[in-house]
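Novice: Data: model_19.txt, compact mmCIF, N, CA and C atoms.
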```txt
# COMPACT_ATOMS: atom_id res chain seq x y z
N MET Y 1 -18.00 -2.95 -21.05
CA MET Y 1 -18.36 -4.16 -20.38
C MET Y 1 -19.76 -4.04 -19.79
N ALA Y 2 -20.16 -2.84 -19.43
CA ALA Y 2 -21.49 -2.68 -18.84
C ALA Y 2 -22.59 -3.02 -19.84
N LEU Y 3 -22.29 -2.93 -21.12
CA LEU Y 3 -23.29 -3.27 -22.13
C LEU Y 3 -23.61 -4.75 -22.17
N THR Y 4 -22.79 -5.58 -21.56
CA THR Y 4 -23.04 -7.02 -21.61
C THR Y 4 -24.26 -7.43 -20.81
N VAL Y 5 -24.79 -6.55 -19.95
CA VAL Y 5 -26.01 -6.88 -19.21
C VAL Y 5 -27.27 -6.56 -20.00
N VAL Y 6 -27.14 -5.88 -21.12
CA VAL Y 6 -28.28 -5.56 -21.97
C VAL Y 6 -28.61 -6.78 -22.83
N PRO Y 7 -29.86 -7.24 -22.78
CA PRO Y 7 -30.22 -8.45 -23.54
C PRO Y 7 -29.99 -8.34 -25.05
N ALA Y 8 -29.98 -7.14 -25.60
CA ALA Y 8 -29.80 -6.99 -27.05
C ALA Y 8 -28.36 -7.21 -27.49
N VAL Y 9 -27.43 -7.20 -26.56
CA VAL Y 9 -26.02 -7.40 -26.91
C VAL Y 9 -25.78 -8.88 -27.18
N PRO Y 10 -25.21 -9.22 -28.33
CA PRO Y 10 -24.96 -10.63 -28.65
C PRO Y 10 -23.98 -11.28 -27.67
N VAL Y 11 -24.22 -12.53 -27.35
CA VAL Y 11 -23.38 -13.26 -26.40
C VAL Y 11 -21.92 -13.33 -26.86
N PRO Y 12 -21.63 -13.58 -28.15
CA PRO Y 12 -20.21 -13.61 -28.56
C PRO Y 12 -19.49 -12.29 -28.28
N PHE Y 13 -20.18 -11.17 -28.41
CA PHE Y 13 -19.59 -9.87 -28.11
C PHE Y 13 -19.20 -9.79 -26.64
N ALA Y 14 -20.09 -10.26 -25.77
CA ALA Y 14 -19.82 -10.24 -24.33
C ALA Y 14 -18.66 -11.16 -23.99
N VAL Y 15 -18.65 -12.35 -24.57
CA VAL Y 15 -17.57 -13.30 -24.29
C VAL Y 15 -16.24 -12.74 -24.76
N LEU Y 16 -16.20 -12.15 -25.95
CA LEU Y 16 -14.97 -11.55 -26.46
C LEU Y 16 -14.50 -10.40 -25.57
N GLY Y 17 -15.42 -9.58 -25.11
CA GLY Y 17 -15.06 -8.46 -24.24
C GLY Y 17 -14.47 -8.92 -22.93
N TRP Y 18 -15.11 -9.91 -22.30
CA TRP Y 18 -14.60 -10.41 -21.03
C TRP Y 18 -13.29 -11.17 -21.22
N ALA Y 19 -13.15 -11.87 -22.32
CA ALA Y 19 -11.89 -12.57 -22.60
C ALA Y 19 -10.75 -11.57 -22.78
N THR Y 20 -11.03 -10.46 -23.44
CA THR Y 20 -10.02 -9.41 -23.63
C THR Y 20 -9.64 -8.80 -22.28
N ALA Y 21 -10.64 -8.57 -21.43
CA ALA Y 21 -10.36 -8.03 -20.10
C ALA Y 21 -9.52 -9.01 -19.29
N GLY Y 22 -9.85 -10.27 -19.36
CA GLY Y 22 -9.08 -11.28 -18.64
C GLY Y 22 -7.66 -11.38 -19.15
N LEU Y 23 -7.47 -11.28 -20.45
CA LEU Y 23 -6.13 -11.30 -21.04
C LEU Y 23 -5.31 -10.11 -20.54
N GLY Y 24 -5.93 -8.95 -20.50
CA GLY Y 24 -5.24 -7.76 -20.01
C GLY Y 24 -4.81 -7.90 -18.56
N MET Y 25 -5.70 -8.45 -17.73
CA MET Y 25 -5.33 -8.66 -16.33
C MET Y 25 -4.22 -9.70 -16.20
N GLY Y 26 -4.30 -10.74 -16.99
CA GLY Y 26 -3.28 -11.78 -16.94
C GLY Y 26 -1.91 -11.29 -17.38
N LEU Y 27 -1.89 -10.33 -18.29
CA LEU Y 27 -0.62 -9.75 -18.73
C LEU Y 27 -0.10 -8.71 -17.73
N LEU Y 28 -1.00 -8.04 -17.02
CA LEU Y 28 -0.60 -6.97 -16.11
C LEU Y 28 0.01 -7.49 -14.82
N TYR Y 29 -0.61 -8.48 -14.20
CA TYR Y 29 -0.15 -8.90 -12.87
C TYR Y 29 1.30 -9.35 -12.84
N PRO Y 30 1.75 -10.24 -13.72
CA PRO Y 30 3.17 -10.62 -13.66
C PRO Y 30 4.10 -9.43 -13.96
N SER Y 31 3.71 -8.58 -14.88
CA SER Y 31 4.54 -7.42 -15.23
C SER Y 31 4.66 -6.46 -14.06
N LEU Y 32 3.58 -6.28 -13.32
CA LEU Y 32 3.59 -5.38 -12.17
C LEU Y 32 4.50 -5.93 -11.07
N SER Y 33 4.48 -7.24 -10.86
CA SER Y 33 5.35 -7.84 -9.85
C SER Y 33 6.82 -7.70 -10.25
N VAL Y 34 7.13 -7.95 -11.51
CA VAL Y 34 8.51 -7.82 -11.98
C VAL Y 34 8.97 -6.37 -11.88
N LEU Y 35 8.13 -5.44 -12.24
CA LEU Y 35 8.47 -4.02 -12.15
C LEU Y 35 8.69 -3.60 -10.70
N THR Y 36 7.84 -4.09 -9.81
CA THR Y 36 8.00 -3.78 -8.39
C THR Y 36 9.34 -4.27 -7.87
N LEU Y 37 9.70 -5.50 -8.22
CA LEU Y 37 10.98 -6.04 -7.76
C LEU Y 37 12.16 -5.32 -8.41
N ALA Y 38 12.01 -4.94 -9.66
CA ALA Y 38 13.11 -4.25 -10.36
C ALA Y 38 13.38 -2.86 -9.78
N LEU Y 39 12.33 -2.19 -9.33
CA LEU Y 39 12.48 -0.84 -8.80
C LEU Y 39 12.77 -0.82 -7.30
N SER Y 40 12.79 -1.99 -6.68
CA SER Y 40 13.03 -2.06 -5.24
C SER Y 40 14.51 -2.28 -4.95
N ALA Y 41 14.96 -1.68 -3.87
CA ALA Y 41 16.32 -1.95 -3.39
C ALA Y 41 16.36 -3.38 -2.86
N SER Y 42 17.54 -3.97 -2.81
CA SER Y 42 17.68 -5.37 -2.40
C SER Y 42 17.02 -5.65 -1.05
N GLY Y 43 17.17 -4.78 -0.09
CA GLY Y 43 16.60 -4.99 1.23
C GLY Y 43 15.12 -4.71 1.34
N GLU Y 44 14.52 -4.13 0.30
CA GLU Y 44 13.11 -3.76 0.36
C GLU Y 44 12.22 -4.62 -0.53
N GLN Y 45 12.79 -5.58 -1.25
CA GLN Y 45 12.00 -6.37 -2.19
C GLN Y 45 10.89 -7.16 -1.50
N GLY Y 46 11.18 -7.78 -0.36
CA GLY Y 46 10.16 -8.55 0.34
C GLY Y 46 9.03 -7.68 0.84
N ARG Y 47 9.40 -6.53 1.40
CA ARG Y 47 8.38 -5.60 1.89
C ARG Y 47 7.50 -5.08 0.75
N ASN Y 48 8.14 -4.69 -0.33
CA ASN Y 48 7.38 -4.14 -1.46
C ASN Y 48 6.51 -5.20 -2.12
N SER Y 49 7.02 -6.42 -2.21
CA SER Y 49 6.24 -7.51 -2.80
C SER Y 49 5.02 -7.82 -1.95
N SER Y 50 5.20 -7.86 -0.63
CA SER Y 50 4.06 -8.13 0.24
C SER Y 50 3.08 -6.97 0.24
N SER Y 51 3.57 -5.75 0.13
CA SER Y 51 2.68 -4.59 0.03
C SER Y 51 1.85 -4.65 -1.24
N LEU Y 52 2.46 -5.09 -2.32
CA LEU Y 52 1.74 -5.24 -3.59
C LEU Y 52 0.63 -6.27 -3.45
N GLN Y 53 0.92 -7.41 -2.83
CA GLN Y 53 -0.10 -8.44 -2.65
C GLN Y 53 -1.19 -7.99 -1.70
N LEU Y 54 -0.82 -7.29 -0.63
CA LEU Y 54 -1.80 -6.79 0.32
C LEU Y 54 -2.73 -5.77 -0.34
N GLY Y 55 -2.15 -4.86 -1.11
CA GLY Y 55 -2.97 -3.88 -1.83
C GLY Y 55 -3.92 -4.54 -2.81
N ASP Y 56 -3.45 -5.55 -3.51
CA ASP Y 56 -4.28 -6.27 -4.46
C ASP Y 56 -5.45 -6.94 -3.74
N SER Y 57 -5.18 -7.59 -2.63
CA SER Y 57 -6.23 -8.26 -1.86
C SER Y 57 -7.23 -7.27 -1.27
N LEU Y 58 -6.72 -6.17 -0.72
CA LEU Y 58 -7.61 -5.17 -0.13
C LEU Y 58 -8.50 -4.52 -1.19
N PHE Y 59 -7.94 -4.26 -2.36
CA PHE Y 59 -8.74 -3.66 -3.44
C PHE Y 59 -9.84 -4.62 -3.87
N ALA Y 60 -9.51 -5.90 -4.03
CA ALA Y 60 -10.51 -6.89 -4.43
C ALA Y 60 -11.61 -7.01 -3.38
N ALA Y 61 -11.23 -7.01 -2.11
CA ALA Y 61 -12.23 -7.11 -1.04
C ALA Y 61 -13.11 -5.87 -0.98
N THR Y 62 -12.52 -4.71 -1.18
CA THR Y 62 -13.29 -3.47 -1.16
C THR Y 62 -14.30 -3.41 -2.30
N VAL Y 63 -13.85 -3.75 -3.50
CA VAL Y 63 -14.77 -3.72 -4.64
C VAL Y 63 -15.88 -4.77 -4.46
N LEU Y 64 -15.53 -5.94 -3.96
CA LEU Y 64 -16.53 -6.97 -3.71
C LEU Y 64 -17.56 -6.50 -2.69
N ALA Y 65 -17.11 -5.86 -1.61
CA ALA Y 65 -18.03 -5.35 -0.59
C ALA Y 65 -18.93 -4.26 -1.15
N LEU Y 66 -18.35 -3.33 -1.90
CA LEU Y 66 -19.15 -2.24 -2.47
C LEU Y 66 -20.17 -2.74 -3.48
N THR Y 67 -19.75 -3.62 -4.36
CA THR Y 67 -20.70 -4.13 -5.36
C THR Y 67 -21.77 -5.00 -4.72
N GLY Y 68 -21.39 -5.75 -3.67
CA GLY Y 68 -22.39 -6.54 -2.95
C GLY Y 68 -23.41 -5.64 -2.27
N ALA Y 69 -22.96 -4.53 -1.71
CA ALA Y 69 -23.87 -3.58 -1.08
C ALA Y 69 -24.81 -2.95 -2.11
N VAL Y 70 -24.28 -2.63 -3.29
CA VAL Y 70 -25.13 -2.06 -4.35
C VAL Y 70 -26.19 -3.06 -4.76
N LEU Y 71 -25.83 -4.33 -4.91
CA LEU Y 71 -26.82 -5.35 -5.27
C LEU Y 71 -27.84 -5.55 -4.16
N ALA Y 72 -27.42 -5.49 -2.91
CA ALA Y 72 -28.33 -5.71 -1.79
C ALA Y 72 -29.33 -4.57 -1.63
N VAL Y 73 -28.91 -3.35 -1.95
CA VAL Y 73 -29.78 -2.19 -1.80
C VAL Y 73 -30.82 -2.13 -2.92
N GLY Y 74 -30.48 -2.64 -4.08
CA GLY Y 74 -31.39 -2.58 -5.24
C GLY Y 74 -32.70 -3.32 -5.00
N PRO Y 75 -33.74 -2.94 -5.73
CA PRO Y 75 -35.05 -3.55 -5.53
C PRO Y 75 -35.11 -5.04 -5.94
N ALA Y 76 -34.49 -5.38 -7.02
CA ALA Y 76 -34.52 -6.76 -7.49
C ALA Y 76 -33.33 -6.99 -8.42
N PRO Y 77 -32.84 -8.22 -8.49
CA PRO Y 77 -31.74 -8.48 -9.42
C PRO Y 77 -32.17 -8.22 -10.87
N GLY Y 78 -31.27 -7.70 -11.64
CA GLY Y 78 -31.57 -7.44 -13.03
C GLY Y 78 -30.46 -6.63 -13.68
N PRO Y 79 -30.65 -6.27 -14.93
CA PRO Y 79 -29.60 -5.54 -15.65
C PRO Y 79 -29.20 -4.22 -14.99
N ALA Y 80 -30.15 -3.50 -14.41
CA ALA Y 80 -29.81 -2.22 -13.79
C ALA Y 80 -28.89 -2.41 -12.58
N GLY Y 81 -29.16 -3.42 -11.78
CA GLY Y 81 -28.32 -3.68 -10.62
C GLY Y 81 -26.92 -4.10 -11.01
N TYR Y 82 -26.83 -4.94 -12.02
CA TYR Y 82 -25.51 -5.38 -12.47
C TYR Y 82 -24.73 -4.25 -13.14
N ALA Y 83 -25.44 -3.40 -13.86
CA ALA Y 83 -24.77 -2.24 -14.46
C ALA Y 83 -24.26 -1.29 -13.37
N ALA Y 84 -25.04 -1.17 -12.29
CA ALA Y 84 -24.59 -0.32 -11.17
C ALA Y 84 -23.34 -0.90 -10.52
N THR Y 85 -23.26 -2.22 -10.38
CA THR Y 85 -22.06 -2.82 -9.79
C THR Y 85 -20.84 -2.61 -10.69
N LEU Y 86 -21.04 -2.68 -11.99
CA LEU Y 86 -19.93 -2.41 -12.91
C LEU Y 86 -19.50 -0.95 -12.83
N ALA Y 87 -20.47 -0.06 -12.61
CA ALA Y 87 -20.13 1.36 -12.46
C ALA Y 87 -19.32 1.59 -11.18
N VAL Y 88 -19.67 0.88 -10.10
CA VAL Y 88 -18.89 0.99 -8.86
C VAL Y 88 -17.46 0.50 -9.10
N ALA Y 89 -17.32 -0.65 -9.77
CA ALA Y 89 -15.99 -1.18 -10.05
C ALA Y 89 -15.19 -0.22 -10.94
N ALA Y 90 -15.84 0.36 -11.93
CA ALA Y 90 -15.16 1.32 -12.81
C ALA Y 90 -14.76 2.57 -12.02
N GLY Y 91 -15.60 2.99 -11.09
CA GLY Y 91 -15.25 4.15 -10.25
C GLY Y 91 -14.04 3.87 -9.38
N CYS Y 92 -13.96 2.67 -8.83
CA CYS Y 92 -12.78 2.30 -8.03
C CYS Y 92 -11.52 2.27 -8.91
N GLY Y 93 -11.66 1.78 -10.12
CA GLY Y 93 -10.53 1.76 -11.04
C GLY Y 93 -10.09 3.17 -11.40
N LEU Y 94 -11.05 4.06 -11.63
CA LEU Y 94 -10.72 5.45 -11.95
C LEU Y 94 -10.03 6.12 -10.77
N LEU Y 95 -10.48 5.82 -9.56
CA LEU Y 95 -9.82 6.37 -8.38
C LEU Y 95 -8.36 5.90 -8.32
N GLY Y 96 -8.14 4.64 -8.66
CA GLY Y 96 -6.77 4.13 -8.69
C GLY Y 96 -5.91 4.84 -9.71
N VAL Y 97 -6.48 5.13 -10.87
CA VAL Y 97 -5.75 5.85 -11.91
C VAL Y 97 -5.40 7.26 -11.43
N LEU Y 98 -6.33 7.91 -10.76
CA LEU Y 98 -6.06 9.26 -10.26
C LEU Y 98 -5.00 9.25 -9.16
N LEU Y 99 -5.02 8.25 -8.30
CA LEU Y 99 -4.04 8.17 -7.22
C LEU Y 99 -2.67 7.72 -7.72
N ALA Y 100 -2.60 7.10 -8.87
CA ALA Y 100 -1.32 6.63 -9.40
C ALA Y 100 -0.37 7.79 -9.70
N GLY Y 101 -0.89 8.96 -9.88
CA GLY Y 101 -0.05 10.13 -10.13
C GLY Y 101 0.81 10.50 -8.94
N ARG Y 102 0.51 9.95 -7.78
CA ARG Y 102 1.30 10.23 -6.57
C ARG Y 102 2.56 9.40 -6.49
N VAL Y 103 2.72 8.43 -7.38
CA VAL Y 103 3.87 7.53 -7.33
C VAL Y 103 5.13 8.29 -7.72
N VAL Y 104 6.16 8.09 -6.95
CA VAL Y 104 7.45 8.73 -7.22
C VAL Y 104 8.40 7.63 -7.67
N VAL Y 105 8.99 7.81 -8.85
CA VAL Y 105 9.95 6.85 -9.38
C VAL Y 105 11.30 7.12 -8.72
N PRO Y 106 11.94 6.08 -8.15
CA PRO Y 106 13.22 6.31 -7.47
C PRO Y 106 14.32 6.71 -8.44
N SER Y 107 15.30 7.42 -7.90
CA SER Y 107 16.40 7.85 -8.76
C SER Y 107 17.30 6.66 -9.08
N ARG Y 108 17.88 6.68 -10.26
CA ARG Y 108 18.80 5.64 -10.72
C ARG Y 108 20.06 6.30 -11.23
N MET Y 109 21.20 5.75 -10.89
CA MET Y 109 22.50 6.19 -11.40
C MET Y 109 22.74 7.68 -11.18
N GLY Y 110 22.40 8.18 -9.99
CA GLY Y 110 22.69 9.56 -9.66
C GLY Y 110 21.72 10.56 -10.24
N MET Y 111 20.72 10.13 -11.01
CA MET Y 111 19.74 11.05 -11.56
C MET Y 111 18.71 11.39 -10.47
N PRO Y 112 18.19 12.61 -10.43
CA PRO Y 112 17.22 12.98 -9.39
C PRO Y 112 15.91 12.20 -9.58
N ALA Y 113 15.22 11.97 -8.46
CA ALA Y 113 13.92 11.29 -8.51
C ALA Y 113 12.93 12.18 -9.23
N ARG Y 114 11.99 11.55 -9.89
CA ARG Y 114 10.97 12.32 -10.61
C ARG Y 114 9.59 11.74 -10.30
N GLN Y 115 8.59 12.61 -10.43
CA GLN Y 115 7.20 12.19 -10.24
C GLN Y 115 6.76 11.48 -11.51
N SER Y 116 6.06 10.32 -11.37
CA SER Y 116 5.58 9.62 -12.57
C SER Y 116 4.39 10.36 -13.13
N GLY Y 117 4.08 10.06 -14.41
CA GLY Y 117 2.88 10.62 -15.03
C GLY Y 117 3.16 11.81 -15.77
```
Represent the structure of the file as structure tokens.
Specialist:
Amino acid sequence: MALTVVPAVPVPFAVLGWATAGLGMGLLYPSLSVLTLALSASGEQGRNSSSLQLGDSLFAATVLALTGAVLAVGPAPGPAGYAATLAVAAGCGLLGVLLAGRVVVPSRMGMPARQSG
């Protein structure tokens, strides 16, 4: 996606790339909510659902603040600044992937709990 800021990249390539990214996000969010509710005990579904929404909002606000700071620090708007903001967003995503290994899948039907990943 960072290549879309390079003028030599054709516009249809950029549109297709961003459309694919949007499709992936659109497929992930409902699935994540359903999975959260399915893995939650009856009394914890509301808490877990609100935690999921809070985490989503906090992550979006954090990435927006960081990328805004990167753009503000840069000398002038341009491809380098936008590529840097995409790198910050990718770094936040990578951090999320690394932290996802800490998730513990609850036990089901008497089977012991296991670490995901």
Novice: Just the residues within 8 Å of Val63 of chain Y, please, counting all atoms listed in the file, with nothing from its chain fewer than 6 positions along; format it as a VMD selection string.
Specialist: chain Y and resid 57 69 88 to 89 92
Novice: Could you pull out the residues in segment 43-79 of chain Y that DSSP calls alpha helix (DSSP H) from the backbone, as a PyMOL selection string?
Specialist: chain Y and resi 45-73+79
Novice: Looking at all atoms listed in the file, which of Y:Gly96, Y:Gly55, Y:Pro79, Y:Gly68 is the one that sits closest to Pro7 of chain Y?
Specialist: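 Among Y:Gly96, Y:Gly55, Y:Pro79, Y:Gly68, it is Y:Pro79 that comes nearest to Pro7 of chain Y.
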Novice: Have a look at atom N of Ala61 of chain Y and atom CA of Val11 of chain Y and let me know their distance in Å, one decimal.
Specialist: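 Atom-to-atom, atom N of Ala61 of chain Y and atom CA of Val11 of chain Y are spaced 27.9 Å apart.
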Novice: Report the distance between atom N of Phe13 of chain Y and atom CA of Leu64 of chain Y in Å, rounded to one decimal place.
Specialist: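 That distance, rounded to one decimal, is 25.3 Å.
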Novice: Centre and edge lengths, as lines of an AutoDock Vina configuration file, for the axis-aligned box enclosing every listed atom of segment 35-48 of chain Y with 5 Å of padding on each of the six sides, in Å to one decimal?
Specialist:
```
center_x = 12.1
center_y = -4.7
center_z = -5.2
size_x = 21.2
size_y = 17.7
size_z = 24.1
```
